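Trainee: Here you go, coords10.cif (mmCIF, C-alpha atoms (C1' of nucleotides)):
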data_coords
loop_
_atom_site.label_atom_id
_atom_site.label_comp_id
_atom_site.auth_asym_id
_atom_site.auth_seq_id
_atom_site.Cartn_x
_atom_site.Cartn_y
_atom_site.Cartn_z
CA MET A 12 -16.36 8.64 -20.39
CA SER A 13 -13.45 6.27 -20.21
CA PRO A 14 -10.01 7.82 -19.68
CA ARG A 15 -9.02 6.52 -23.08
CA ASP A 16 -11.71 8.60 -24.68
CA PRO A 17 -9.76 11.53 -26.15
CA SER A 18 -12.53 14.00 -25.37
CA SER A 19 -12.25 12.95 -21.74
CA LEU A 20 -8.53 13.60 -21.80
CA ASP A 21 -9.16 17.04 -23.21
CA LYS A 22 -11.69 17.72 -20.51
CA ARG A 23 -9.20 16.74 -17.86
CA LEU A 24 -6.51 18.92 -19.31
CA GLU A 25 -8.98 21.80 -19.28
CA HIS A 26 -9.71 21.11 -15.67
CA LEU A 27 -6.04 20.97 -14.85
CA LYS A 28 -5.44 24.35 -16.45
CA ALA A 29 -8.40 25.88 -14.69
CA VAL A 30 -7.28 24.64 -11.30
CA ALA A 31 -3.69 25.64 -11.96
CA ARG A 32 -4.82 29.15 -12.83
CA ALA A 33 -7.01 29.34 -9.75
CA LYS A 34 -4.34 28.09 -7.38
CA GLY A 35 -1.36 29.74 -8.97
CA LEU A 36 0.38 26.49 -9.84
CA LYS A 37 2.98 26.53 -12.52
CA LEU A 38 2.23 24.16 -15.34
CA THR A 39 5.72 23.20 -16.29
CA HIS A 40 6.51 20.90 -19.15
CA GLN A 41 7.15 18.06 -16.69
CA ARG A 42 3.90 18.54 -14.82
CA LEU A 43 1.90 18.62 -17.99
CA GLU A 44 3.48 15.44 -19.30
CA ILE A 45 3.02 13.63 -16.04
CA PHE A 46 -0.61 14.56 -15.80
CA ARG A 47 -1.23 13.76 -19.44
CA GLU A 48 0.34 10.35 -19.02
CA LEU A 49 -1.88 9.52 -16.08
CA ALA A 50 -5.04 10.98 -17.56
CA ALA A 51 -4.65 9.10 -20.82
CA THR A 52 -4.82 5.63 -19.33
CA ASP A 53 -7.17 3.68 -17.12
CA GLU A 54 -4.51 1.32 -15.86
CA HIS A 55 -3.89 3.29 -12.69
CA PRO A 56 -0.14 3.25 -13.10
CA SER A 57 2.39 3.53 -10.31
CA ALA A 58 4.72 6.51 -10.06
CA ASP A 59 7.49 4.42 -11.52
CA LYS A 60 5.42 3.39 -14.52
CA ILE A 61 4.52 7.00 -15.22
CA PHE A 62 8.16 7.92 -14.81
CA ARG A 63 9.34 5.44 -17.40
CA ALA A 64 6.66 6.52 -19.86
CA VAL A 65 7.35 10.23 -19.48
CA GLN A 66 11.07 9.63 -19.61
CA ARG A 67 10.77 8.39 -23.16
CA ARG A 68 9.61 11.79 -24.33
CA MET A 69 11.58 13.78 -21.80
CA PRO A 70 14.81 12.01 -20.91
CA THR A 71 15.80 14.40 -18.15
CA VAL A 72 12.83 13.99 -15.80
CA SER A 73 13.60 12.45 -12.48
CA LEU A 74 11.56 9.99 -10.50
CA ASP A 75 11.24 12.32 -7.56
CA THR A 76 9.73 15.03 -9.71
CA VAL A 77 7.12 12.50 -10.73
CA TYR A 78 6.38 11.75 -7.08
CA ARG A 79 6.29 15.39 -6.13
CA THR A 80 4.03 16.23 -9.01
CA LEU A 81 1.64 13.38 -8.36
CA TRP A 82 1.23 14.26 -4.70
CA MET A 83 0.86 17.89 -5.60
CA LEU A 84 -1.92 17.03 -8.04
CA HIS A 85 -3.41 14.84 -5.36
CA ASP A 86 -3.29 17.61 -2.77
CA VAL A 87 -5.21 20.00 -4.98
CA GLY A 88 -7.78 17.33 -5.75
CA LEU A 89 -6.93 16.69 -9.38
CA ILE A 90 -6.14 13.03 -8.95
CA THR A 91 -6.75 10.31 -6.37
CA THR A 92 -5.10 7.07 -5.39
CA VAL A 93 -6.48 3.57 -5.65
CA GLY A 94 -7.44 2.02 -2.36
CA PRO A 95 -6.61 3.43 1.04
CA GLU A 96 -3.38 5.34 1.21
CA ARG A 97 -1.24 3.61 3.70
CA GLU A 98 2.33 3.12 4.64
CA ALA A 99 2.03 -0.51 5.62
CA VAL A 100 -0.17 -3.49 4.76
CA ARG A 101 -3.12 -3.85 7.10
CA PHE A 102 -4.46 -7.26 7.99
CA ASP A 103 -7.98 -8.47 8.67
CA ALA A 104 -9.09 -11.61 10.45
CA ASN A 105 -12.76 -10.97 9.82
CA LEU A 106 -13.79 -13.37 7.08
CA ASP A 107 -17.50 -12.56 7.22
CA GLN A 108 -18.66 -10.20 4.55
CA HIS A 109 -18.22 -6.64 5.70
CA HIS A 110 -17.25 -3.21 4.47
CA HIS A 111 -14.66 -0.62 5.37
CA TYR A 112 -14.64 2.96 6.43
CA VAL A 113 -11.20 4.51 5.88
CA CYS A 114 -10.04 7.87 7.17
CA VAL A 115 -8.17 9.64 4.40
CA GLN A 116 -6.03 11.52 6.88
CA CYS A 117 -4.93 9.18 9.66
CA GLY A 118 -5.51 5.86 7.95
CA LEU A 119 -7.97 4.55 10.52
CA VAL A 120 -9.97 1.59 9.23
CA ARG A 121 -13.26 0.43 10.71
CA ASP A 122 -15.58 -2.36 9.72
CA PHE A 123 -19.25 -1.91 9.21
CA GLU A 124 -22.00 -4.22 8.15
CA SER A 125 -24.96 -3.76 5.88
CA ASN A 126 -27.26 -6.35 4.46
CA GLU A 127 -28.18 -3.94 1.73
CA LEU A 128 -24.56 -3.57 0.67
CA ASN A 129 -23.90 -7.28 1.00
CA ALA A 130 -26.57 -7.84 -1.62
CA LEU A 131 -25.15 -5.50 -4.21
CA ARG A 132 -24.67 -6.96 -7.64
CA VAL A 133 -21.77 -6.14 -9.91
CA PRO A 134 -22.55 -5.42 -13.55
CA ALA A 135 -22.07 -8.10 -16.19
CA SER A 136 -19.11 -6.23 -17.70
CA VAL A 137 -17.09 -6.99 -14.60
CA HIS A 138 -17.52 -10.71 -14.99
CA ARG A 139 -15.75 -10.39 -18.30
CA LEU A 140 -12.65 -9.08 -16.55
CA GLY A 141 -12.20 -12.23 -14.50
CA SER A 142 -13.54 -14.28 -11.63
CA ILE A 143 -14.91 -12.59 -8.54
CA VAL A 144 -13.67 -13.44 -5.07
CA ASN A 145 -15.57 -10.78 -3.21
CA ALA A 146 -17.06 -7.33 -3.50
CA GLN A 147 -16.97 -4.83 -0.73
CA VAL A 148 -17.65 -1.15 -0.30
CA GLU A 149 -14.90 1.20 0.71
CA VAL A 150 -16.11 4.45 2.20
CA ARG A 151 -13.53 7.17 2.47
CA GLY A 152 -13.85 10.18 4.71
CA LEU A 153 -12.38 12.18 7.54
CA CYS A 154 -12.85 10.42 10.85
CA ALA A 155 -14.30 12.22 13.85
CA LYS A 156 -10.96 12.56 15.57
CA CYS A 157 -9.27 14.08 12.53
CA GLN A 158 -12.09 16.56 12.15
CA GLU A 159 -11.30 17.99 15.57
CA ARG A 160 -7.66 18.69 14.95
CA PRO A 161 -7.50 20.10 11.42
CA ALA A 162 -4.92 18.81 8.98
CA ARG A 163 -1.30 19.26 9.77
CA GLY A 164 0.55 21.67 7.56
CA LYS A 165 2.65 19.23 5.63
CA LYS A 166 1.91 15.71 4.54
CA ALA A 167 -1.74 14.96 5.17
CA ARG A 168 -0.77 11.47 4.23
CA SER A 169 -1.13 8.47 6.49
CA VAL A 170 -0.09 7.62 10.01
CA SER A 171 -0.98 4.52 11.92
CA PRO A 172 -3.82 5.17 14.32
CA MET B 27 -20.21 -10.65 15.28
CA SER B 28 -17.66 -7.92 15.85
CA PRO B 29 -14.07 -9.08 16.29
CA ARG B 30 -14.17 -7.72 19.82
CA ASP B 31 -16.96 -10.08 20.67
CA PRO B 32 -15.16 -12.80 22.64
CA SER B 33 -17.38 -15.54 21.22
CA SER B 34 -16.24 -14.44 17.78
CA LEU B 35 -12.63 -14.69 18.86
CA ASP B 36 -13.25 -18.20 20.11
CA LYS B 37 -14.90 -19.12 16.86
CA ARG B 38 -11.91 -17.87 14.95
CA LEU B 39 -9.49 -19.76 17.10
CA GLU B 40 -11.55 -22.89 16.49
CA HIS B 41 -11.37 -22.25 12.80
CA LEU B 42 -7.63 -21.72 12.99
CA LYS B 43 -7.15 -25.03 14.75
CA ALA B 44 -9.35 -26.86 12.32
CA VAL B 45 -7.51 -25.48 9.32
CA ALA B 46 -4.15 -26.11 10.93
CA ARG B 47 -5.08 -29.71 11.55
CA ALA B 48 -6.37 -30.13 8.02
CA LYS B 49 -3.32 -28.59 6.40
CA GLY B 50 -0.70 -29.92 8.78
CA LEU B 51 0.41 -26.50 10.00
CA LYS B 52 2.23 -26.26 13.25
CA LEU B 53 0.49 -24.03 15.73
CA THR B 54 3.49 -22.70 17.55
CA HIS B 55 3.23 -20.37 20.46
CA GLN B 56 4.19 -17.44 18.21
CA ARG B 57 1.64 -18.25 15.56
CA LEU B 58 -1.11 -18.57 18.07
CA GLU B 59 -0.28 -15.26 19.70
CA ILE B 60 -0.03 -13.47 16.38
CA PHE B 61 -3.36 -14.79 15.20
CA ARG B 62 -5.00 -14.08 18.53
CA GLU B 63 -3.74 -10.52 18.47
CA LEU B 64 -5.17 -9.92 15.02
CA ALA B 65 -8.44 -11.72 15.63
CA ALA B 66 -9.13 -9.82 18.84
CA THR B 67 -9.25 -6.38 17.30
CA ASP B 68 -11.09 -4.67 14.50
CA GLU B 69 -8.45 -2.03 13.95
CA HIS B 70 -6.80 -3.89 11.10
CA PRO B 71 -3.33 -3.47 12.49
CA SER B 72 -0.14 -3.45 10.47
CA ALA B 73 2.47 -6.17 10.92
CA ASP B 74 4.51 -3.82 13.02
CA LYS B 75 1.61 -3.02 15.34
CA ILE B 76 0.94 -6.71 15.84
CA PHE B 77 4.62 -7.26 16.43
CA ARG B 78 4.79 -4.68 19.21
CA ALA B 79 1.68 -6.05 20.86
CA VAL B 80 2.82 -9.66 20.77
CA GLN B 81 6.29 -8.66 21.88
CA ARG B 82 4.93 -7.51 25.22
CA ARG B 83 3.86 -11.00 26.10
CA MET B 84 6.64 -12.75 24.22
CA PRO B 85 9.77 -10.62 24.18
CA THR B 86 11.72 -12.87 21.85
CA VAL B 87 9.45 -12.76 18.79
CA SER B 88 10.92 -11.13 15.76
CA LEU B 89 9.25 -8.91 13.24
CA ASP B 90 9.97 -11.24 10.37
CA THR B 91 8.23 -14.10 12.10
CA VAL B 92 5.20 -11.86 12.33
CA TYR B 93 5.40 -11.17 8.61
CA ARG B 94 5.95 -14.81 7.74
CA THR B 95 3.09 -15.90 9.94
CA LEU B 96 0.68 -13.31 8.61
CA TRP B 97 1.36 -14.21 4.99
CA MET B 98 1.13 -17.88 5.83
CA LEU B 99 -2.28 -17.32 7.43
CA HIS B 100 -3.21 -15.29 4.39
CA ASP B 101 -2.11 -18.02 2.01
CA VAL B 102 -4.29 -20.62 3.67
CA GLY B 103 -7.24 -18.23 3.66
CA LEU B 104 -7.47 -17.51 7.37
CA ILE B 105 -6.97 -13.78 7.08
CA THR B 106 -7.13 -11.14 4.38
CA THR B 107 -5.61 -7.74 3.80
CA VAL B 108 -7.35 -4.40 3.63
CA GLY B 109 -7.50 -2.90 0.16
CA PRO B 110 -5.69 -4.18 -2.87
CA GLU B 111 -2.34 -5.76 -2.15
CA ARG B 112 0.20 -3.79 -4.03
CA GLU B 113 3.82 -2.91 -3.99
CA ALA B 114 3.43 0.70 -5.03
CA VAL B 115 0.81 3.43 -4.82
CA ARG B 116 -1.42 3.53 -7.88
CA PHE B 117 -2.83 6.81 -9.11
CA ASP B 118 -6.13 7.65 -10.72
CA ALA B 119 -7.04 10.71 -12.76
CA ASN B 120 -10.66 9.68 -13.14
CA LEU B 121 -12.63 11.91 -10.80
CA ASP B 122 -16.05 10.74 -11.92
CA GLN B 123 -17.66 8.24 -9.64
CA HIS B 124 -16.57 4.77 -10.60
CA HIS B 125 -15.62 1.44 -9.11
CA HIS B 126 -12.62 -0.87 -9.24
CA TYR B 127 -11.96 -4.41 -10.21
CA VAL B 128 -8.65 -5.61 -8.75
CA CYS B 129 -6.85 -8.83 -9.62
CA VAL B 130 -5.62 -10.42 -6.42
CA GLN B 131 -2.72 -12.05 -8.22
CA CYS B 132 -1.17 -9.57 -10.63
CA GLY B 133 -2.50 -6.34 -9.21
CA LEU B 134 -4.31 -5.25 -12.35
CA VAL B 135 -6.88 -2.53 -11.68
CA ARG B 136 -9.74 -1.70 -14.00
CA ASP B 137 -12.53 0.83 -13.70
CA PHE B 138 -16.13 0.00 -14.19
CA GLU B 139 -19.29 2.01 -13.95
CA SER B 140 -22.68 1.23 -12.55
CA ASN B 141 -25.53 3.56 -11.85
CA GLU B 142 -26.89 1.03 -9.43
CA LEU B 143 -23.68 0.99 -7.42
CA ASN B 144 -23.34 4.75 -7.62
CA ALA B 145 -26.65 5.01 -5.82
CA LEU B 146 -25.74 2.79 -2.90
CA ARG B 147 -26.37 4.24 0.52
CA VAL B 148 -24.13 3.68 3.51
CA PRO B 149 -25.77 2.84 6.83
CA ALA B 150 -26.29 5.52 9.45
CA SER B 151 -23.67 3.95 11.71
CA VAL B 152 -20.98 4.95 9.25
CA HIS B 153 -21.88 8.60 9.46
CA ARG B 154 -21.04 8.41 13.13
CA LEU B 155 -17.46 7.44 12.28
CA GLY B 156 -16.79 10.64 10.37
CA SER B 157 -17.52 12.58 7.23
CA ILE B 158 -17.84 10.82 3.92
CA VAL B 159 -15.82 11.83 0.90
CA ASN B 160 -16.86 9.02 -1.36
CA ALA B 161 -18.01 5.43 -1.44
CA GLN B 162 -16.91 2.98 -4.05
CA VAL B 163 -17.07 -0.72 -4.61
CA GLU B 164 -13.93 -2.77 -4.80
CA VAL B 165 -14.36 -6.11 -6.51
CA ARG B 166 -11.53 -8.56 -6.06
CA GLY B 167 -10.94 -11.53 -8.25
CA LEU B 168 -8.57 -13.33 -10.55
CA CYS B 169 -8.31 -11.60 -13.91
CA ALA B 170 -8.71 -13.48 -17.16
CA LYS B 171 -5.01 -13.46 -17.90
CA CYS B 172 -4.05 -14.84 -14.51
CA GLN B 173 -6.59 -17.61 -14.86
CA GLU B 174 -4.79 -18.91 -17.92
CA ARG B 175 -1.39 -19.23 -16.33
CA PRO B 176 -2.02 -20.70 -12.88
CA ALA B 177 -0.35 -19.19 -9.86
CA ARG B 178 3.39 -19.25 -9.58
CA GLY B 179 4.79 -21.46 -6.90
CA LYS B 180 6.05 -18.82 -4.54
CA LYS B 181 4.65 -15.45 -3.75
CA ALA B 182 1.24 -15.13 -5.34
CA ARG B 183 1.55 -11.56 -4.24
CA SER B 184 1.53 -8.57 -6.55
CA VAL B 185 3.40 -7.56 -9.68
CA SER B 186 2.72 -4.53 -11.79
CA PRO B 187 0.72 -5.42 -14.85
"C1'" DT C 9 16.16 39.25 -7.70
"C1'" DT C 10 13.05 36.47 -5.79
"C1'" DT C 11 10.34 32.33 -5.81
"C1'" DG C 12 9.37 27.98 -7.00
"C1'" DG C 13 10.49 23.77 -9.58
"C1'" DT C 14 13.86 20.29 -10.77
"C1'" DG C 15 17.62 16.81 -10.60
"C1'" DC C 16 20.78 14.28 -8.01
"C1'" DA C 17 22.12 11.45 -4.35
"C1'" DA C 18 21.55 9.94 0.02
"C1'" DA C 19 18.41 8.73 3.60
"C1'" DC C 20 14.25 6.27 5.15
"C1'" DC C 21 11.12 2.71 6.20
"C1'" DG C 22 8.31 -1.27 5.41
"C1'" DT C 23 9.23 -5.74 3.92
"C1'" DT C 24 11.81 -9.84 2.44
"C1'" DT C 25 15.54 -13.18 2.45
"C1'" DG C 26 19.80 -16.12 3.53
"C1'" DC C 27 21.53 -18.57 6.96
"C1'" DA C 28 22.52 -20.64 11.31
"C1'" DT C 29 20.04 -22.25 15.25
"C1'" DC C 30 16.21 -24.09 17.83
"C1'" DG C 31 12.50 -27.20 19.17
"C1'" DC C 32 9.24 -30.47 18.32
"C1'" DT C 33 8.22 -35.29 16.57
"C1'" DA D 24 18.12 -37.35 13.84
"C1'" DG D 25 15.12 -34.83 10.77
"C1'" DC D 26 12.59 -30.95 9.48
"C1'" DG D 27 9.99 -27.05 9.70
"C1'" DA D 28 9.90 -22.64 12.46
"C1'" DT D 29 12.44 -18.90 14.34
"C1'" DG D 30 15.72 -14.98 15.09
"C1'" DC D 31 19.18 -12.12 13.40
"C1'" DA D 32 21.16 -9.16 10.25
"C1'" DA D 33 21.71 -7.75 5.84
"C1'" DA D 34 19.50 -6.76 1.47
"C1'" DC D 35 15.77 -4.76 -1.18
"C1'" DG D 36 12.49 -1.62 -3.34
"C1'" DG D 37 9.39 2.11 -3.13
"C1'" DT D 38 9.30 6.69 -1.45
"C1'" DT D 39 11.00 10.95 0.62
"C1'" DT D 40 14.25 14.64 1.58
"C1'" DG D 41 18.30 18.03 1.71
"C1'" DC D 42 20.64 20.70 -1.14
"C1'" DA D 43 22.42 23.10 -5.09
"C1'" DC D 44 21.07 24.66 -9.54
"C1'" DC D 45 17.88 26.57 -12.88
"C1'" DA D 46 13.98 29.06 -14.95
"C1'" DA D 47 10.27 32.07 -15.07
"C1'" DA D 48 7.93 36.32 -13.09
#
Represent the structure of the file as structure tokens.
Mentor:
Amino acid sequence: MSPRDPSSLDKRLEHLKAVARAKGLKLTHQRLEIFRELAATDEHPSADKIFRAVQRRMPTVSLDTVYRTLWMLHDVGLITTVGPEREAVRFDANLDQHHHYVCVQCGLVRDFESNELNALRVPASVHRLGSIVNAQVEVRGLCAKCQERPARGKKARSVSP
Amino acid sequence: MSPRDPSSLDKRLEHLKAVARAKGLKLTHQRLEIFRELAATDEHPSADKIFRAVQRRMPTVSLDTVYRTLWMLHDVGLITTVGPEREAVRFDANLDQHHHYVCVQCGLVRDFESNELNALRVPASVHRLGSIVNAQVEVRGLCAKCQERPARGKKARSVSP
DNA sequence: TTTGGTGCAAACCGTTTGCATCGCT
DNA sequence: AGCGATGCAAACGGTTTGCACCAAA
């Protein structure tokens, strides 16, 4: 079920249409191309990369439409981002093996430890990709504080805690 | 061994001094304060947060010294960053559970799958932090391509693949 | 006509860099 | 004196936003 698998792409386009119908989103030419571009690769491209690719077929698209579309797709749960969404780099002086809990709304990051998770083994296929420096678990969720005060109307995206 | 544990802070300061001695780094007042600030918390602050904290005790520090110091500490392996280092947000249309391999040099991201890792359980303590949306493994390493051509002299930090 | 979506350009913000100065050895 | 570290200010690059225009219902 790799993203390159054409049947997987079809499935995702189906899903997109279903969600669009359910939520009353307009599936404009631009939106369709942007989603298709992202769904057809497993390289996890940046907005700019998607922009340049879509631009080839559709010279009038603008970068900000790509951004708006991507976040819109993200908001309705059709796509995700890689790693914690954040506005700034976060640093870590804890060199012992540990794992992270990340709040998807406010960006809070907390360490936790687990011998069980420390012992996890990555599959052989990963070793073919390159060397391994470390492996850690990233748990995403809504932190206790953010559960109290429900999401703000607009950008539910990042804020330093 | 939480970062708030004062004995842990001491241990880290020891380590800092040892590495500084070994590598001939100058431990200026600024550098010491910046490291201390980071090592004393487990909030994984941004450069700006560290800057504001250090500034209280040392009103003349500048934000760029904080950045330079943090990356210097990072380059000698004394601190790390949370999540993949990247210059731009990367998007992902793969909603099935999967995991990521991230190259620490060029920023390449690749999916991989593992039933074993899909089944991992997070410790109870994490559930106290908030709700859980998903849990995935992030493996960091140097990808095959980057191993061939050794690191560039300057910033070994990010570039879109 | 009304409601969104889009494109453009300017604003924004985190981060980096060039350069002159400072402080330690 | 010599040399790396620092501070300042300006540049940079990714991202967002205000606004006018356009297209579909």
Trainee: Got a sec to pull out which chain B residues are within 9 Å of chain C, counting all atoms listed in the file, and send them as a ChimeraX atom specification?
Mentor: /B:74,90,93
Trainee: Near chain D, which residues of chain B fall within 9 Å when you count all atoms listed in the file, and what do they look like as a list in words?
Mentor: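 Within 9 Å of chain D on chain B, we get Lys52, Thr54, Thr86, Val87, Ser88, Asp90, Thr91, Glu113, Ala114 and Val115 of chain B.
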Trainee: Do a neighbour search on stretch 81-85 of chain A at 10 Å with only C-alpha atoms (C1' of nucleotides), toss out local chain neighbours closer than 6 positions, and write the hits as a PDB file with C-alpha atoms, keeping the file's coordinate frame.
Mentor:
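The result, stored in selection17.pdb:
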ATOM      1  CA  LEU A  27      -6.040  20.970 -14.850  1.00  0.00           C
ATOM      2  CA  VAL A  30      -7.280  24.640 -11.300  1.00  0.00           C
ATOM      3  CA  ALA A  31      -3.690  25.640 -11.960  1.00  0.00           C
ATOM      4  CA  LEU A  36       0.380  26.490  -9.840  1.00  0.00           C
ATOM      5  CA  ARG A  42       3.900  18.540 -14.820  1.00  0.00           C
ATOM      6  CA  ILE A  45       3.020  13.630 -16.040  1.00  0.00           C
ATOM      7  CA  PHE A  46      -0.610  14.560 -15.800  1.00  0.00           C
ATOM      8  CA  LEU A  49      -1.880   9.520 -16.080  1.00  0.00           C
ATOM      9  CA  ALA A  58       4.720   6.510 -10.060  1.00  0.00           C
ATOM     10  CA  ILE A  61       4.520   7.000 -15.220  1.00  0.00           C
ATOM     11  CA  ASP A  75      11.240  12.320  -7.560  1.00  0.00           C
ATOM     12  CA  THR A  91      -6.750  10.310  -6.370  1.00  0.00           C
ATOM     13  CA  THR A  92      -5.100   7.070  -5.390  1.00  0.00           C
ATOM     14  CA  LYS A 166       1.910  15.710   4.540  1.00  0.00           C
ATOM     15  CA  ARG A 168      -0.770  11.470   4.230  1.00  0.00           C
TER      16      ARG A 168
ATOM     17  CA  PHE B 117      -2.830   6.810  -9.110  1.00  0.00           C
ATOM     18  CA  ASP B 118      -6.130   7.650 -10.720  1.00  0.00           C
ATOM     19  CA  ALA B 119      -7.040  10.710 -12.760  1.00  0.00           C
TER      20      ALA B 119
END
Trainee: With 6 Å as the limit and counting only C-alpha atoms, what residues in chain A lie close to chain B? Please list them as a PyMOL selection string.
Mentor: chain A and resi 50+55-57+90-94+100-104+140-155
Trainee: Starting from 6 Å padding per side, set up an axis-aligned box that covers all listed atoms of stretch 29-33 of chain C and hand over centre and edge lengths in Å, one decimal, as JSON.
Mentor:
{"center_x": 14.1, "center_y": -28.8, "center_z": 17.2, "size_x": 23.8, "size_y": 25.0, "size_z": 15.9}
Trainee: Atom CA of B:Gln56 to atom CA of B:Pro32: how many Å, to one decimal?
Mentor: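 It comes out at 20.4 Å.
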Trainee: One decimal, Å: what's the distance from atom CA of A:Arg67 over to atom CA of A:Lys22, could you say?
Mentor: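 Between atom CA of A:Arg67 and atom CA of A:Lys22 the gap is 24.5 Å.
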Trainee: Could you state the separation of atom CA of B:Asp36 and atom CA of A:Gly118 in Å, given to one decimal place?
Mentor: 28.0 Å
